[in-house]
Structure formats: C-alpha cells, structure tokens
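Pasted below: target12.pdb, PDB, C-alpha atoms.
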```pdb
ATOM      1  CA  MET R 134     218.517   4.517-100.340
ATOM      2  CA  SER R 135     220.181   2.369-102.990
ATOM      3  CA  VAL R 136     222.058   2.970-106.264
ATOM      4  CA  HIS R 137     220.904   1.198-109.430
ATOM      5  CA  SER R 138     222.552   1.036-112.845
ATOM      6  CA  ILE R 139     220.191   1.923-115.677
ATOM      7  CA  SER R 140     220.782   2.295-119.404
ATOM      8  CA  THR R 141     219.595   5.305-121.385
ATOM      9  CA  LYS R 142     217.180   2.961-123.173
ATOM     10  CA  GLU R 143     215.764   1.688-119.878
ATOM     11  CA  LEU R 144     215.426   5.268-118.644
ATOM     12  CA  ARG R 145     213.343   6.107-121.727
ATOM     13  CA  GLU R 146     211.184   3.002-121.485
ATOM     14  CA  GLN R 147     210.811   2.756-117.721
ATOM     15  CA  LEU R 148     210.595   6.383-116.655
ATOM     16  CA  PRO R 149     207.533   5.860-114.381
ATOM     17  CA  LYS R 150     209.396   3.080-112.545
ATOM     18  CA  VAL R 151     212.506   5.249-112.205
ATOM     19  CA  ARG R 152     210.392   8.198-111.013
ATOM     20  CA  ALA R 153     208.848   5.967-108.336
ATOM     21  CA  GLY R 154     212.322   4.847-107.324
ATOM     22  CA  LEU R 155     213.499   8.453-107.053
ATOM     23  CA  ALA R 156     210.498   9.203-104.844
ATOM     24  CA  ARG R 157     211.687   6.395-102.561
ATOM     25  CA  GLY R 158     215.142   7.990-102.404
ATOM     26  CA  ASN R 159     216.915   5.677-104.863
ATOM     27  CA  GLN R 160     219.815   6.895-106.974
ATOM     28  CA  TYR R 161     220.644   5.722-110.501
ATOM     29  CA  LEU R 162     223.844   5.457-112.509
ATOM     30  CA  LEU R 163     223.005   6.246-116.125
ATOM     31  CA  ILE R 164     224.821   3.890-118.521
ATOM     32  CA  TYR R 165     225.402   4.670-122.197
ATOM     33  CA  ARG R 166     227.331   2.210-124.383
ATOM     34  CA  SER R 167     228.501   0.277-121.298
ATOM     35  CA  LYS R 168     229.866   3.405-119.609
ATOM     36  CA  ALA R 169     228.455   5.282-116.659
ATOM     37  CA  ILE R 170     227.849   8.865-117.855
ATOM     38  CA  ALA R 171     225.775  10.405-115.101
ATOM     39  CA  ARG R 172     224.297  10.022-111.658
ATOM     40  CA  LEU R 173     220.544  10.535-111.234
ATOM     41  CA  GLU R 174     219.517  11.435-107.709
ATOM     42  CA  PRO R 175     216.416  12.843-105.996
ATOM     43  CA  ILE R 176     216.150  16.598-105.417
ATOM     44  CA  LYS R 177     216.825  17.356-101.771
ATOM     45  CA  SER R 178     217.188  21.133-101.989
ATOM     46  CA  LYS R 179     216.186  24.011-104.271
ATOM     47  CA  PRO R 180     217.593  23.132-107.687
ATOM     48  CA  SER R 181     219.921  25.266-109.758
ATOM     49  CA  SER R 182     218.418  26.720-112.945
ATOM     50  CA  ASP R 183     221.186  26.090-115.485
ATOM     51  CA  VAL R 184     220.807  23.112-117.849
ATOM     52  CA  PRO R 185     223.840  22.834-120.219
ATOM     53  CA  GLY R 186     225.552  19.631-121.424
ATOM     54  CA  LEU R 187     226.765  16.888-119.124
ATOM     55  CA  ALA R 188     229.918  16.605-121.201
ATOM     56  CA  ARG R 189     230.840  20.154-120.180
ATOM     57  CA  GLY R 190     230.548  19.200-116.529
ATOM     58  CA  ASN R 191     227.172  20.809-115.846
ATOM     59  CA  GLN R 192     223.936  19.284-114.611
ATOM     60  CA  TYR R 193     220.474  18.519-115.963
ATOM     61  CA  LEU R 194     217.206  18.689-114.095
ATOM     62  CA  LEU R 195     214.662  15.968-114.811
ATOM     63  CA  ILE R 196     211.218  17.562-115.087
ATOM     64  CA  TYR R 197     207.953  15.675-114.595
ATOM     65  CA  ARG R 198     204.658  17.569-114.845
ATOM     66  CA  SER R 199     206.466  20.926-114.654
ATOM     67  CA  LYS R 200     208.259  19.960-111.467
ATOM     68  CA  ALA R 201     211.958  19.152-111.031
ATOM     69  CA  ILE R 202     212.090  15.634-109.605
ATOM     70  CA  ALA R 203     215.761  14.757-109.987
ATOM     71  CA  ARG R 204     219.183  16.143-110.691
ATOM     72  CA  LEU R 205     221.317  14.546-113.425
ATOM     73  CA  GLU R 206     224.993  15.076-112.594
ATOM     74  CA  PRO R 207     228.176  14.172-114.480
ATOM     75  CA  ILE R 208     230.002  11.214-112.932
ATOM     76  CA  LYS R 209     233.077  13.314-112.123
ATOM     77  CA  SER R 210     231.037  15.352-109.642
ATOM     78  CA  LYS R 211     230.352  12.368-107.394
ATOM     79  CA  PRO R 212     231.105  12.984-103.726
ATOM     80  CA  SER R 213     234.524  12.129-102.384
ATOM     81  CA  SER R 214     234.885   8.612-101.039
ATOM     82  CA  ASP R 215     235.241   7.990 -97.345
ATOM     83  CA  VAL R 216     234.851   4.235 -97.767
ATOM     84  CA  LEU R 217     237.697   1.906 -96.943
ATOM     85  CA  VAL R 218     238.621  -0.926 -99.289
ATOM     86  CA  ARG R 219     238.375  -4.027 -97.122
ATOM     87  CA  GLY R 220     239.005  -7.153 -99.143
ATOM     88  CA  GLY R 221     240.391 -10.248 -97.458
ATOM     89  CA  GLY R 222     238.197 -12.929 -95.963
ATOM     90  CA  LEU R 223     239.925 -15.841 -97.718
ATOM     91  CA  LYS R 224     243.105 -17.837 -97.118
ATOM     92  CA  LEU R 225     243.670 -19.323-100.562
ATOM     93  CA  GLN R 226     247.475 -19.332-100.693
ATOM     94  CA  ALA R 227     247.699 -21.120 -97.364
ATOM     95  CA  ASN R 228     245.745 -24.069 -98.815
ATOM     96  CA  ALA R 229     247.064 -24.003-102.378
ATOM     97  CA  PRO R 230     249.381 -26.734-103.699
ATOM     98  CA  GLN R 231     251.759 -24.148-105.162
ATOM     99  CA  PRO R 232     252.320 -20.361-105.131
ATOM    100  CA  LEU R 233     249.354 -18.446-106.547
ATOM    101  CA  THR R 234     251.308 -16.659-109.242
ATOM    102  CA  PRO R 235     249.380 -14.875-112.025
ATOM    103  CA  GLN R 236     250.500 -17.666-114.380
ATOM    104  CA  TYR R 237     249.161 -20.400-112.082
ATOM    105  CA  LEU R 238     245.866 -18.516-111.625
ATOM    106  CA  LYS R 239     245.528 -18.367-115.400
ATOM    107  CA  GLN R 240     246.171 -22.119-115.627
ATOM    108  CA  LEU R 241     243.477 -22.726-113.021
ATOM    109  CA  ALA R 242     241.026 -20.503-114.883
ATOM    110  CA  THR R 243     241.471 -22.370-118.162
ATOM    111  CA  ARG R 244     240.393 -25.594-116.429
ATOM    112  CA  ARG R 245     236.807 -24.359-116.385
ATOM    113  CA  TYR R 246     236.673 -25.141-120.101
ATOM    114  CA  GLU R 247     238.084 -28.655-119.761
TER     115      GLU R 247
ATOM    116  CA  MET K 275     250.328   6.141-109.105
ATOM    117  CA  ASN K 276     249.214   8.252-112.042
ATOM    118  CA  SER K 277     245.703   9.642-112.298
ATOM    119  CA  GLN K 278     243.293   7.298-114.074
ATOM    120  CA  ALA K 279     239.685   8.108-114.910
ATOM    121  CA  SER K 280     238.633   4.477-115.264
ATOM    122  CA  VAL K 281     240.367   1.178-114.575
ATOM    123  CA  PHE K 282     239.413  -2.363-115.542
ATOM    124  CA  ILE K 283     240.115  -4.935-112.818
ATOM    125  CA  ASP K 284     241.331  -8.366-113.895
ATOM    126  CA  ALA K 285     240.604 -11.695-112.172
ATOM    127  CA  ASN K 286     244.051 -12.104-110.587
ATOM    128  CA  THR K 287     243.695  -8.695-108.920
ATOM    129  CA  PHE K 288     240.409  -9.798-107.349
ATOM    130  CA  ILE K 289     242.056 -13.024-106.121
ATOM    131  CA  TYR K 290     244.845 -11.062-104.409
ATOM    132  CA  PHE K 291     242.242  -8.593-103.092
ATOM    133  CA  LEU K 292     240.429 -11.509-101.444
ATOM    134  CA  ASP K 293     243.340 -13.701-100.353
ATOM    135  CA  GLU K 294     244.774 -12.502 -97.039
ATOM    136  CA  THR K 295     247.620 -15.002 -97.369
ATOM    137  CA  ALA K 296     248.725 -13.837-100.819
ATOM    138  CA  GLN K 297     252.007 -11.972-101.080
ATOM    139  CA  GLN K 298     250.287  -9.387-103.289
ATOM    140  CA  HIS K 299     247.328  -8.808-100.896
ATOM    141  CA  GLY K 300     248.721  -5.697 -99.197
ATOM    142  CA  SER K 301     249.831  -3.969-102.384
ATOM    143  CA  THR K 302     246.483  -4.765-104.037
ATOM    144  CA  ILE K 303     244.434  -3.295-101.178
ATOM    145  CA  THR K 304     246.674  -0.209-101.089
ATOM    146  CA  ALA K 305     246.408   0.326-104.843
ATOM    147  CA  LEU K 306     242.622  -0.115-104.848
ATOM    148  CA  GLN K 307     242.282   2.279-101.902
ATOM    149  CA  LYS K 308     244.284   4.905-103.823
ATOM    150  CA  LEU K 309     242.032   4.453-106.839
ATOM    151  CA  VAL K 310     238.891   4.773-104.698
ATOM    152  CA  ASP K 311     240.290   7.847-102.939
ATOM    153  CA  LYS K 312     240.928   9.446-106.344
ATOM    154  CA  GLN K 313     237.336   8.650-107.346
ATOM    155  CA  THR K 314     238.545   6.451-110.182
ATOM    156  CA  GLU K 315     235.778   4.478-111.845
ATOM    157  CA  LEU K 316     236.429   0.781-111.241
ATOM    158  CA  TYR K 317     235.127  -1.624-113.859
ATOM    159  CA  THR K 318     235.029  -5.353-114.380
ATOM    160  CA  SER K 319     232.656  -7.796-116.078
ATOM    161  CA  HIS K 320     230.634 -10.893-115.239
ATOM    162  CA  HIS K 321     233.167 -12.837-117.304
ATOM    163  CA  VAL K 322     235.917 -11.823-114.846
ATOM    164  CA  ILE K 323     233.710 -12.430-111.812
ATOM    165  CA  GLU K 324     232.941 -15.956-113.037
ATOM    166  CA  GLU K 325     236.676 -16.631-113.445
ATOM    167  CA  VAL K 326     237.372 -15.402-109.897
ATOM    168  CA  LEU K 327     234.593 -17.512-108.403
ATOM    169  CA  PHE K 328     235.758 -20.590-110.333
ATOM    170  CA  ILE K 329     239.294 -20.205-108.931
ATOM    171  CA  VAL K 330     237.988 -19.705-105.394
ATOM    172  CA  ALA K 331     235.760 -22.778-105.775
ATOM    173  CA  LYS K 332     238.776 -24.806-106.936
ATOM    174  CA  LEU K 333     240.953 -23.722-104.002
ATOM    175  CA  ALA K 334     238.422 -23.400-101.185
ATOM    176  CA  THR K 335     234.881 -24.183-100.062
ATOM    177  CA  ALA K 336     231.428 -23.197-101.304
ATOM    178  CA  GLN K 337     231.212 -20.833 -98.325
ATOM    179  CA  ALA K 338     234.399 -19.135 -99.530
ATOM    180  CA  VAL K 339     232.717 -18.457-102.880
ATOM    181  CA  THR K 340     229.897 -16.668-101.050
ATOM    182  CA  ILE K 341     232.412 -14.629 -99.057
ATOM    183  CA  ALA K 342     234.267 -13.793-102.279
ATOM    184  CA  ILE K 343     231.263 -12.357-104.091
ATOM    185  CA  GLU K 344     230.159 -10.416-101.011
ATOM    186  CA  ARG K 345     233.614  -8.865-100.546
ATOM    187  CA  ILE K 346     233.784  -7.973-104.240
ATOM    188  CA  ALA K 347     230.333  -6.381-103.961
ATOM    189  CA  GLU K 348     231.692  -4.187-101.155
ATOM    190  CA  LEU K 349     234.329  -2.644-103.416
ATOM    191  CA  PRO K 350     233.156   0.989-103.607
ATOM    192  CA  GLY K 351     231.676   2.063-106.920
ATOM    193  CA  LEU K 352     232.554  -1.110-108.836
ATOM    194  CA  LEU K 353     230.698  -1.163-112.157
ATOM    195  CA  LEU K 354     230.174  -3.990-114.643
ATOM    196  CA  VAL K 355     230.730  -3.472-118.348
ATOM    197  CA  GLU K 356     228.924  -5.925-120.551
ATOM    198  CA  PRO K 357     228.849  -6.516-124.310
ATOM    199  CA  ASP K 358     226.063  -5.747-126.749
ATOM    200  CA  THR K 359     223.182  -8.190-126.766
ATOM    201  CA  ASP K 360     223.879  -9.336-130.323
ATOM    202  CA  LEU K 361     226.819 -11.064-131.988
ATOM    203  CA  THR K 362     228.559  -7.968-133.324
ATOM    204  CA  PHE K 363     230.609  -7.903-130.119
ATOM    205  CA  ALA K 364     231.767 -11.491-130.678
ATOM    206  CA  ARG K 365     232.742 -10.625-134.264
ATOM    207  CA  ARG K 366     234.845  -7.730-132.986
ATOM    208  CA  TYR K 367     236.742  -9.710-130.378
ATOM    209  CA  VAL K 368     237.364 -12.556-132.815
ATOM    210  CA  LYS K 369     239.002 -10.023-135.158
ATOM    211  CA  LEU K 370     241.006  -8.651-132.254
ATOM    212  CA  TRP K 371     242.077 -12.175-131.272
ATOM    213  CA  GLN K 372     243.227 -12.861-134.835
ATOM    214  CA  LYS K 373     245.494  -9.827-134.933
ATOM    215  CA  SER K 374     246.935 -10.229-131.425
ATOM    216  CA  LYS K 375     248.726 -12.848-129.378
ATOM    217  CA  VAL K 376     246.136 -13.097-126.627
ATOM    218  CA  GLY K 377     243.745 -15.960-125.986
ATOM    219  CA  ILE K 378     240.062 -15.715-126.795
ATOM    220  CA  ASN K 379     239.168 -14.876-123.191
ATOM    221  CA  ASP K 380     241.645 -12.027-123.008
ATOM    222  CA  ALA K 381     240.534 -10.808-126.439
ATOM    223  CA  LEU K 382     236.984 -10.611-125.090
ATOM    224  CA  LEU K 383     238.170  -8.526-122.115
ATOM    225  CA  LEU K 384     240.263  -6.232-124.316
ATOM    226  CA  GLN K 385     237.266  -5.669-126.606
ATOM    227  CA  LEU K 386     235.097  -4.821-123.588
ATOM    228  CA  MET K 387     237.656  -2.237-122.480
ATOM    229  CA  ILE K 388     238.006  -0.770-125.972
ATOM    230  CA  ASP K 389     234.216  -0.485-126.383
ATOM    231  CA  ALA K 390     233.811   1.159-122.960
ATOM    232  CA  ASN K 391     236.774   3.489-123.596
ATOM    233  CA  ILE K 392     238.587   2.169-120.518
ATOM    234  CA  LYS K 393     242.243   3.094-120.901
ATOM    235  CA  HIS K 394     243.754   1.488-117.810
ATOM    236  CA  LEU K 395     244.101  -2.066-116.582
ATOM    237  CA  PHE K 396     244.812  -3.437-113.102
ATOM    238  CA  SER K 397     246.255  -6.908-113.689
ATOM    239  CA  TYR K 398     249.236  -8.868-112.437
ATOM    240  CA  ASP K 399     249.300 -10.846-115.692
ATOM    241  CA  GLU K 400     252.312  -9.279-117.415
ATOM    242  CA  ALA K 401     251.693 -11.034-120.736
ATOM    243  CA  PHE K 402     248.122  -9.722-120.865
ATOM    244  CA  ALA K 403     249.247  -6.231-119.853
ATOM    245  CA  LYS K 404     251.909  -6.270-122.572
ATOM    246  CA  GLN K 405     249.327  -7.125-125.224
ATOM    247  CA  ALA K 406     246.883  -4.535-123.863
ATOM    248  CA  ILE K 407     249.412  -1.760-124.483
ATOM    249  CA  LYS K 408     249.123  -2.486-128.208
ATOM    250  CA  PHE K 409     245.486  -1.431-127.975
ATOM    251  CA  GLY K 410     246.189   1.753-126.022
ATOM    252  CA  ILE K 411     245.389   0.240-122.629
ATOM    253  CA  ILE K 412     248.013   0.951-119.977
ATOM    254  CA  SER K 413     248.592  -0.995-116.766
ATOM    255  CA  ILE K 414     248.396   0.984-113.564
ATOM    256  CA  ASP K 415     251.513   1.315-111.447
ATOM    257  CA  VAL K 416     250.846  -0.673-108.271
ATOM    258  CA  GLN K 417     253.879   0.740-106.443
TER     259      GLN K 417
END
```

Kindly return the structure encoded in the file as structure tokens.
Amino acid sequence: MSVHSISTKELREQLPKVRAGLARGNQYLLIYRSKAIARLEPIKSKPSSDVPGLARGNQYLLIYRSKAIARLEPIKSKPSSDVLVRGGGLKLQANAPQPLTPQYLKQLATRRYE
Amino acid sequence: MNSQASVFIDANTFIYFLDETAQQHGSTITALQKLVDKQTELYTSHHVIEEVLFIVAKLATAQAVTIAIERIAELPGLLLVEPDTDLTFARRYVKLWQKSKVGINDALLLQLMIDANIKHLFSYDEAFAKQAIKFGIISIDVQ
C-alpha cells in the first residue's frame, strides 16, 4: 500500500487510474489549491451512510457503478502517528569551516546563484 | 509548543534535522516529533529541498546528498506545496518582495505559505521569521 498526492483536477481526469490504484490498496491525499484537503482510501469495512461536507468534518463515499469503492475523509481524521522522527545520518558541522549558523547557511545557499 | 494545524519547514531546519553534529539537532528532532505526534501537517517545497541539497553537496559528498533526501523522505506526512503552473504566482511574490524586506527567495516561500494558508513556520532564520510575522505567519516555539 502506498500514499499518493493527487489534485482535484487529476482526480476528475484520471478517475479510472485512481480507481485501479484503490483496488490495489493505494491511498491518495487530495490536494486543492496546494493544500491537502482529504484522504482517499479503499473501503475495508461496511461503509457509513452519511455524506455531508468535508469541511464540517464528515466523510464522503466515492461511488462507482452503484458501489462504494472508497471513503473520502477530512485530513484531521487521519490516524494518530506512531512513527518516530529519525533524522541524522550526516556530520556536516564536524567538517564545516565555521559554525553552521542560520546566517552562514543562508550565505551558502546564495552561492548557488553565483 | 502551541497547537499548529500546518507548519512550513525551512531549509535550515532540514539541515539541523540531518546534521547529527549540529548544536540544534536535538531540539529540531524533538520539535518535529512533537509536531508529528500532534498530527500537524508538515509542508515544504521543492525550492527548499533544492537549497538543502545544495548546502549538503557543498559541505559533504554526493553520497551524503542521497542520504539527505532519503532521510527527508522519511519525515512522516511531509507534503510539498508548489506554485501555480503559470506566471501569476511569480507576479504575486514579486509584489510581496517589493513591499517587504526579504530577498526574492524568501518572498517566494512566503507567497507559497500565504497561498496554501499555512500560518506557521519552522525556521531558525530570525530575520526571515520576523518578516513572516508581517504576513500573519508565526514561528513555532522550538522550546
């Protein structure tokens, strides 16, 4: 299972592709004006019957040929995270000619335009 | 740390996230973990990612650049905000640049945040954070 970002326009234009992805167990983050507004995931259990607005915190069901194929949930209802933030992996300061202050990092970044 | 629905992550934050030898590494990991635990939406852009990778390439090896992008990709729920595919976005951030004291690059990032309605910033760049406040974007408290 994987999560893909998809715009509302892409959802309209590529629904068969998205439907195939849902059938494979993929999930989608629905993006509108550069902001994630909903999560689209395959139905795994009997769906609920209410279909009010996402903005009010409720869910939509995506129907294809009279059958509910996915649940469209507001972003705020995503499951709680049990993932640890890892980071690390690099030893930049140890090899840098001077302290990596935010000011020095900004100076370094501007060099990509020189 | 106050509750934030969505936070934009700046390049320096990613550098300290990656750099185990940085003084700010521990506080950055702790702050990001708190945000993830609170299910805060974490945003950045390809523009920021390119800046991070350029800095890593300047200070380390090509292999380090690969490690950097893989570690960033592991950050839970990180989303990319990108501008419109026409020049209206550029017109907007040029206007923003003209009425602020930020550089063009920072104006671009501020415009991205404004367009995506992102109200919080995670950056160690105090000058940038100070300018962002003028546009209603508040820095998160790392403590």

Could you tell me which residues the PyMOL selection byres ((chain K and resi 294-306) around 9) grabs in this file, written as a PyMOL selection string?
(chain R and resi 218-227+232-233) or (chain K and resi 275+287-293+307-311+316+349+414-417)

Find the residues around Asn379 of chain K up to 12 Å (all atoms listed in the file counted), leave out those fewer than 6 positions away in its own chain, and share them as a PyMOL selection string.
(chain R and resi 239+242-243+245-246) or (chain K and resi 284-285+319+321-322+324-325+364+367-368+370-371+385-386+402)

Could you put an axis-aligned box around every listed atom of segment 374-382 of chain K, padded by 6 Å on each side, and send me its centre and edge lengths in Å to one decimal, as AutoDock Vina command-line options?
```
--center_x 242.9 --center_y -13.1 --center_z -127.2 --size_x 23.7 --size_y 17.7 --size_z 20.4
```

Could you tell me which residues the PyMOL selection byres ((chain R and resi 196) around 12) grabs in this file, written as a list of chain:residue names?
R:Leu148, R:Arg152, R:Pro175, R:Ile176, R:Pro180, R:Ser182, R:Val184, R:Tyr193, R:Leu194, R:Leu195, R:Tyr197, R:Arg198, R:Ser199, R:Lys200, R:Ala201, R:Ile202, R:Ala203, R:Arg204, R:Leu205

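Minimum atom-to-atom distances from K:Arg345, K:Lys393, K:Arg366, K:Lys404 to chain R were compared using all atoms listed in the file, and the lowest value belongs to K:Arg345.
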
Would you please take segment 279-329 of chain K of the structure in the block above and write C-alpha atoms to a file as an mmCIF file, in the first residue's frame?
```
data_model
loop_
_atom_site.group_PDB
_atom_site.id
_atom_site.type_symbol
_atom_site.label_atom_id
_atom_site.label_comp_id
_atom_site.auth_asym_id
_atom_site.auth_seq_id
_atom_site.Cartn_x
_atom_site.Cartn_y
_atom_site.Cartn_z
ATOM 1 C CA ALA K 279 -2.565 22.810 12.099
ATOM 2 C CA SER K 280 0.114 23.201 9.438
ATOM 3 C CA VAL K 281 3.767 24.208 9.539
ATOM 4 C CA PHE K 282 6.151 25.136 6.739
ATOM 5 C CA ILE K 283 9.681 23.782 7.225
ATOM 6 C CA ASP K 284 12.582 25.969 6.121
ATOM 7 C CA ALA K 285 15.932 24.790 4.722
ATOM 8 C CA ASN K 286 17.964 25.464 7.881
ATOM 9 C CA THR K 287 15.580 23.272 9.889
ATOM 10 C CA PHE K 288 16.171 20.396 7.467
ATOM 11 C CA ILE K 289 19.951 20.902 7.761
ATOM 12 C CA TYR K 290 19.785 20.669 11.565
ATOM 13 C CA PHE K 291 17.393 17.706 11.237
ATOM 14 C CA LEU K 292 20.029 15.914 9.150
ATOM 15 C CA ASP K 293 23.241 17.033 10.854
ATOM 16 C CA GLU K 294 23.970 14.893 13.915
ATOM 17 C CA THR K 295 26.858 17.190 14.830
ATOM 18 C CA ALA K 296 24.799 20.390 14.794
ATOM 19 C CA GLN K 297 24.073 22.054 18.115
ATOM 20 C CA GLN K 298 20.431 22.427 17.057
ATOM 21 C CA HIS K 299 19.998 18.745 16.019
ATOM 22 C CA GLY K 300 18.412 17.542 19.266
ATOM 23 C CA SER K 301 15.973 20.425 19.607
ATOM 24 C CA THR K 302 14.986 20.085 15.935
ATOM 25 C CA ILE K 303 14.245 16.356 16.216
ATOM 26 C CA THR K 304 12.290 16.935 19.440
ATOM 27 C CA ALA K 305 10.238 19.748 17.915
ATOM 28 C CA LEU K 306 9.474 17.759 14.754
ATOM 29 C CA GLN K 307 8.485 14.723 16.836
ATOM 30 C CA LYS K 308 6.048 16.895 18.820
ATOM 31 C CA LEU K 309 4.546 18.203 15.594
ATOM 32 C CA VAL K 310 4.181 14.675 14.188
ATOM 33 C CA ASP K 311 2.654 13.434 17.447
ATOM 34 C CA LYS K 312 0.096 16.259 17.269
ATOM 35 C CA GLN K 313 -0.704 15.255 13.678
ATOM 36 C CA THR K 314 0.424 18.641 12.412
ATOM 37 C CA GLU K 315 0.625 18.849 8.639
ATOM 38 C CA LEU K 316 4.260 19.405 7.674
ATOM 39 C CA TYR K 317 4.894 21.276 4.444
ATOM 40 C CA THR K 318 7.879 22.345 2.411
ATOM 41 C CA SER K 319 8.591 22.885 -1.288
ATOM 42 C CA HIS K 320 10.995 21.672 -3.960
ATOM 43 C CA HIS K 321 12.612 25.108 -3.753
ATOM 44 C CA VAL K 322 13.554 24.422 -0.110
ATOM 45 C CA ILE K 323 14.630 20.853 -0.847
ATOM 46 C CA GLU K 324 16.954 22.090 -3.603
ATOM 47 C CA GLU K 325 18.501 24.597 -1.175
ATOM 48 C CA VAL K 326 19.075 21.857 1.422
ATOM 49 C CA LEU K 327 20.660 19.510 -1.106
ATOM 50 C CA PHE K 328 22.897 22.299 -2.439
ATOM 51 C CA ILE K 329 24.196 23.023 1.083
#
```
